[in-house]
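Each remark here refers to the structure printed beneath this line.
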Amino acid sequence: MLQLNERKEVEITEEQKRIERKKGALPNSNLVMLPNFQEAKRRTIESLDTRHIIMQNDSFLYSRAYWVTESIIAWNIEVVENGFCSLLASKVASLTISDNQIQGEDVKIKLQEDRAGLPAKVVEKFPHIRGYKAFKLPPDSDVKSLLKSQLAVAVYDSDEKCRNCTGLQLPGVLDELFSYNGPLGALYSDEAVSLALWAPTAQAVNAHIYKYPSGDDPIEVVQLEEENGVWRTKGPKTWEGCYYVYEVCVYHPSTLRVEKCYANDPYARGLSSDGRRTFLVNIDCDELKPDGWDNLADEKPVLHSFSDISIYEMHIRDFSANDLSVEPEFRGGYLAFTLLDSAGVLHLKKLSSAGITHVHLLPTFQFAGVDDQKENWRYVDNSILESFPPDSDQQQALITSIKDLDGYNWGYNPVLWGVPKGSYASNPNGPYRTTEFRKMVQALNRIGLRVVLDVVYNHLQGSGPLDEHSVLDKIVPGYYLRRNVDGFIEHSTCMNNTASEHFMVERLIVDDLVHWAVNYKVDGFRFDLMGHIMKSTMMKAKDALLSLSKQKDGVDGSSIYIYGEGWDFGEVAKNGRGINASQFNLSKTGIGSFNDRIRDAVLGGSPFGHPLQQGFATGLLLQPNAHDHGSQENMESMLATSKDHIQIGMAANLRDFMLTNSDGKEVKGSEILTHDGSPVAYASSLVETINYVSAHDNETLFDIVSIKTPMNITVADRCRINHLATSIIALSQGIPFFHAGDEILRSKSLDRDSYNSGDWFNRLDFTYNSNNWGVGLPPQEKNEKNWPLIKPRLADPSFRPQKDDILAALDNFLNLIRIRYSSPLFRLTTEDAIQQRVRFHNTGPSWVRGVIAMSIEDGHESLPQLDPIYSSIVVVVNASPEGVSVVCPSLQSRSFELHPIQEKSSDVVVRSSRYESSSGCFVVPQRTTAVFVEPRKTRVAPSK
């Protein structure tokens, strides 16, 4: 167990390295400081008089006991014979220890150990303390009053000397006594504006009302009144359009003091430009609604089934920051999506016309890292950056020098979940955030694209009473953020983990999702590090969204899709804090999670392994690079294993899907194992699998291909590999997911984590003139160790695609999407349908290396017919640098022909693919995915 009575550092585990990409919150070394202890230590030392007292008062920095119900405190402590345990409280936070005696308490209550131990409901809620002892309070204890004080429990020996003491963690008792489902935030009526704040540990709460977003003294300071943990006040209608800040007087365990904390409203719906004041905005008023807003639900693109979804992930600033067809004042913001003839919007129209259904927007809530006031931003002139060589370290040095002062950040640094980010609005003050965000959603819907928001409920940027980005931890200290057994905030997500297992945290998350769905009419949510959220929270969120209706809420909740990162690591791993929303726990929920198995098998290794590790599409065995992959036998085994992982991914990663593995055995998807022995397949329905090979995290697809393939192949070969990897995702069962720009060979100059790399390394060019390759060595912080690999590639002009390559890549991508939507067979809707119709050929130990052959049948009399045009489809993926012939005996004597979209393709290579009926042989050229269809002799109406 980590002891924090001196400066300590914590080694980052391999699982934590999985998410080191996020926000750059972890430093270059493998060590990270736990900041809360140092701040608490400093503040404690300032408040105490002697070194002797300082050492003994370190005990109060810890909160190793848990007040779990109104009558029970849990503590992992032994009480000596004739000893006893007591609860102590001080309203003014004056507890000190001297000569084994605690002083300064207002109240001291003797506790009785309950030999029966902790109740089952407590262990279920707090599984990590299941072995703790239970200490009972007397039934007449004034618990609600005590919870507003500094609290400690102490163990005394028979001489009444204190032998151990510690602070308490309060979420259990707060949930039991103060769980609340009533209105919170600012509430508007025709006559008044009311405020309601949940803060059961606060001693006093005032609201400072301001006329303007900054400067000036408050026009009014109002004292709120408490009822059962909720503080309320009612003000005049004239408050609407003003700003306010809460002043909360509360004991804070991180400083051991009663603090006056100044914070925004957790249920804020608007903010000032500097983010320091909450804007009193009634977002339901007609003035904030674009024309036709209330009827947008009727205009949304049709979505018959979640199996029809395909997702295009994009960052709002990336979309238009470099688009010269967008007016300067709109670039990088919400309104860029409303310009119907900009290069970016025209590109989105192409994607929508081909079949893409959803745009996933990286965080759009109020986050830290970008000043909302654009006049404060710093810039580096592009002409200076363009003057340096493609492998220079000068570009990154200049970008890094302003990285926290420019207008760029991915946004995974949450401050307030319910307010649109101000830097994307034309004016961060007033109601512009709301109106412009709505215009963006409306514009995307009207070009055929639904909108997914990237939500980050697993952590918060700020904590403590002093941090300008801290909100929740100022209002109910120690409640919203998950703490370890010593009482310090968990940081496995990189910073300030939240605790959705606590009632009011879960409630805030669910309320926030409903807010975005109803008030901004978004169509889906992607959960960052979803595994750190409890499964029960995700299910409540799903049920709350599903209950929304057009008639009641103006929203069809049944069409809202949710998915996220189901990684299982940190303190929540293996259900350490309750059943979490990780991949294996989400089966049968209908909630999607990212399939990293297919990504790693297609590309090779993992984002955290050696960058030269090859995979199925990048040349493993078939065209080796300089990396040592072991013996020929080992490479053959690795390639065969990759093929198995890809095949089960193409069958929606279903646990019970049966296929012949590389050893020739009939196995279920769950019986195919990863390198660490865990099952590859985890899904029970196809909508639970998000298939992808590239996302905002890690290098772009083109960059991964460029680093893993041999130095001496041509850029045309790399473009084919880029397309091949994408084709596997586009033609798989399950939900396909694409990172913006992969369809136009997007490069970030080999940057593995561009979260704060500015517009320069993140540029998207929808004129198709450049893919942004070779714009300098990527930032030192995350890439320096790979610079020796990166530098020669960036310096080599043969690596850079030309405009013809980019246009060809786009054409091929659009064709893939058109093929996916040309037949319902690519979008089967049930597990049974996939089991019955999808088959893999070229399996077992004698397989043709580097080839996957998948058929989808619709012609059997025993099956209902789904496709009125084709009775069968065959997809052949050839990752080999040579053309191949693959015989599929069960597909002999059929009438397959190349898909008409590929027959007309501008790609002359794919057009040379053919099928030989007499032998059942499919001939496919190098690095090509060919789709063959068997037209029906007689057209039939599809089954309902």
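Labeling convention for the structure tokens: chains A, B, ... as they appear, residues from 1 per chain, ligands from 1 in order of appearance.
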
*asked:* Just want the 8 Å neighbourhood of Lys668 in chain A, counted on only C-alpha atoms, with same-chain residues fewer than 6 positions away dropped. Output as a PyMOL selection string.
replied: chain A and resi 655-659

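Residues of range 306-528 of chain A assigned to strand (DSSP E) by DSSP on this structure's backbone: Ile311, Tyr312, Glu313, Met314, His358, Val359, His360, Leu361, Phe365, Gln366, Phe367, Pro414, Val415, Leu416, Trp417, Gly418, Val419, Pro420, Arg450, Val451, Val452, Leu453, Asp454, Val455, Gly524, Phe525, Arg526 and Phe527 of chain A.
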
Selection above as a file: C-alpha atoms, as a short mmCIF file (atom, residue, chain, number, x, y, z; two decimals), in the first residue's frame:
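Result file selection39.cif:
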```
data_model
loop_
_atom_site.label_atom_id
_atom_site.label_comp_id
_atom_site.auth_asym_id
_atom_site.auth_seq_id
_atom_site.Cartn_x
_atom_site.Cartn_y
_atom_site.Cartn_z
CA ILE A 311 -19.06 6.74 -37.96
CA TYR A 312 -16.64 9.46 -39.08
CA GLU A 313 -14.62 10.91 -36.19
CA MET A 314 -13.58 14.55 -36.37
CA HIS A 358 -22.73 9.80 -38.17
CA VAL A 359 -20.13 12.45 -37.45
CA HIS A 360 -18.40 11.93 -34.11
CA LEU A 361 -17.16 15.23 -32.72
CA PHE A 365 -18.07 20.77 -23.70
CA GLN A 366 -16.18 23.36 -21.67
CA PHE A 367 -12.63 22.08 -21.34
CA PRO A 414 -13.27 18.53 -18.68
CA VAL A 415 -14.22 21.53 -16.59
CA LEU A 416 -18.02 21.66 -17.04
CA TRP A 417 -19.84 18.93 -18.91
CA GLY A 418 -23.06 20.77 -19.76
CA VAL A 419 -21.78 23.93 -21.51
CA PRO A 420 -20.58 24.13 -25.16
CA ARG A 450 -26.29 12.55 -37.46
CA VAL A 451 -24.09 13.93 -34.65
CA VAL A 452 -22.25 12.02 -31.92
CA LEU A 453 -20.66 13.85 -28.98
CA ASP A 454 -17.47 12.64 -27.35
CA VAL A 455 -18.22 12.77 -23.61
CA GLY A 524 -25.26 9.61 -29.99
CA PHE A 525 -22.55 9.62 -27.36
CA ARG A 526 -19.03 8.19 -27.36
CA PHE A 527 -17.69 7.63 -23.83
#
```

*So which residues touch Ile648 in chain A within 12 Å, counting only C-alpha atoms, skipping near sequence neighbours fewer than 6 positions away, as a ChimeraX atom specification?*
/A:595,597-598,601,641-642,654-661,667-673,679-683,686,689,691,728,732-734,834-835,838-840,852,854

*Between CA of Gly369 in chain A and CA of Leu481 in chain A - distance in Å to one decimal*: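 Here the two named atoms are 20.5 Å from each other.
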
*May I ask for the distance between CA of Ser392 in chain A and CA of Gln780 in chain A, given in Å to one decimal place?*
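Straight-line distance from CA of Ser392 in chain A to CA of Gln780 in chain A works out to 11.6 Å.
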
_Report, in Å with one decimal, the straight-line distance from CA of Leu177 in chain A to CA of Ser141 in chain A._
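Answer for the CA of Leu177 in chain A to CA of Ser141 in chain A separation: 13.5 Å.
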
_Give me the residues near Gln373 in chain A as a PyMOL selection string, where near means some atom within 9 Å (using only C-alpha atoms) and where sequence neighbours in that chain fewer than 6 positions away do not count._
chain A and resi 273-274+422-423+427-428

Output of the above residues as a PDB file, in the first residue's frame, restricted to C-alpha atoms:
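This is the output file result_29.pdb:
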```
ATOM      1  CA  SER A 273     -15.631  34.087 -21.684  1.00  0.00           C
ATOM      2  CA  ASP A 274     -13.026  33.498 -18.984  1.00  0.00           C
ATOM      3  CA  GLY A 422     -16.557  28.845 -25.846  1.00  0.00           C
ATOM      4  CA  SER A 423     -13.510  28.859 -28.136  1.00  0.00           C
ATOM      5  CA  ASN A 427     -18.396  35.073 -29.076  1.00  0.00           C
ATOM      6  CA  PRO A 428     -17.835  33.075 -25.851  1.00  0.00           C
TER       7      PRO A 428
END
```
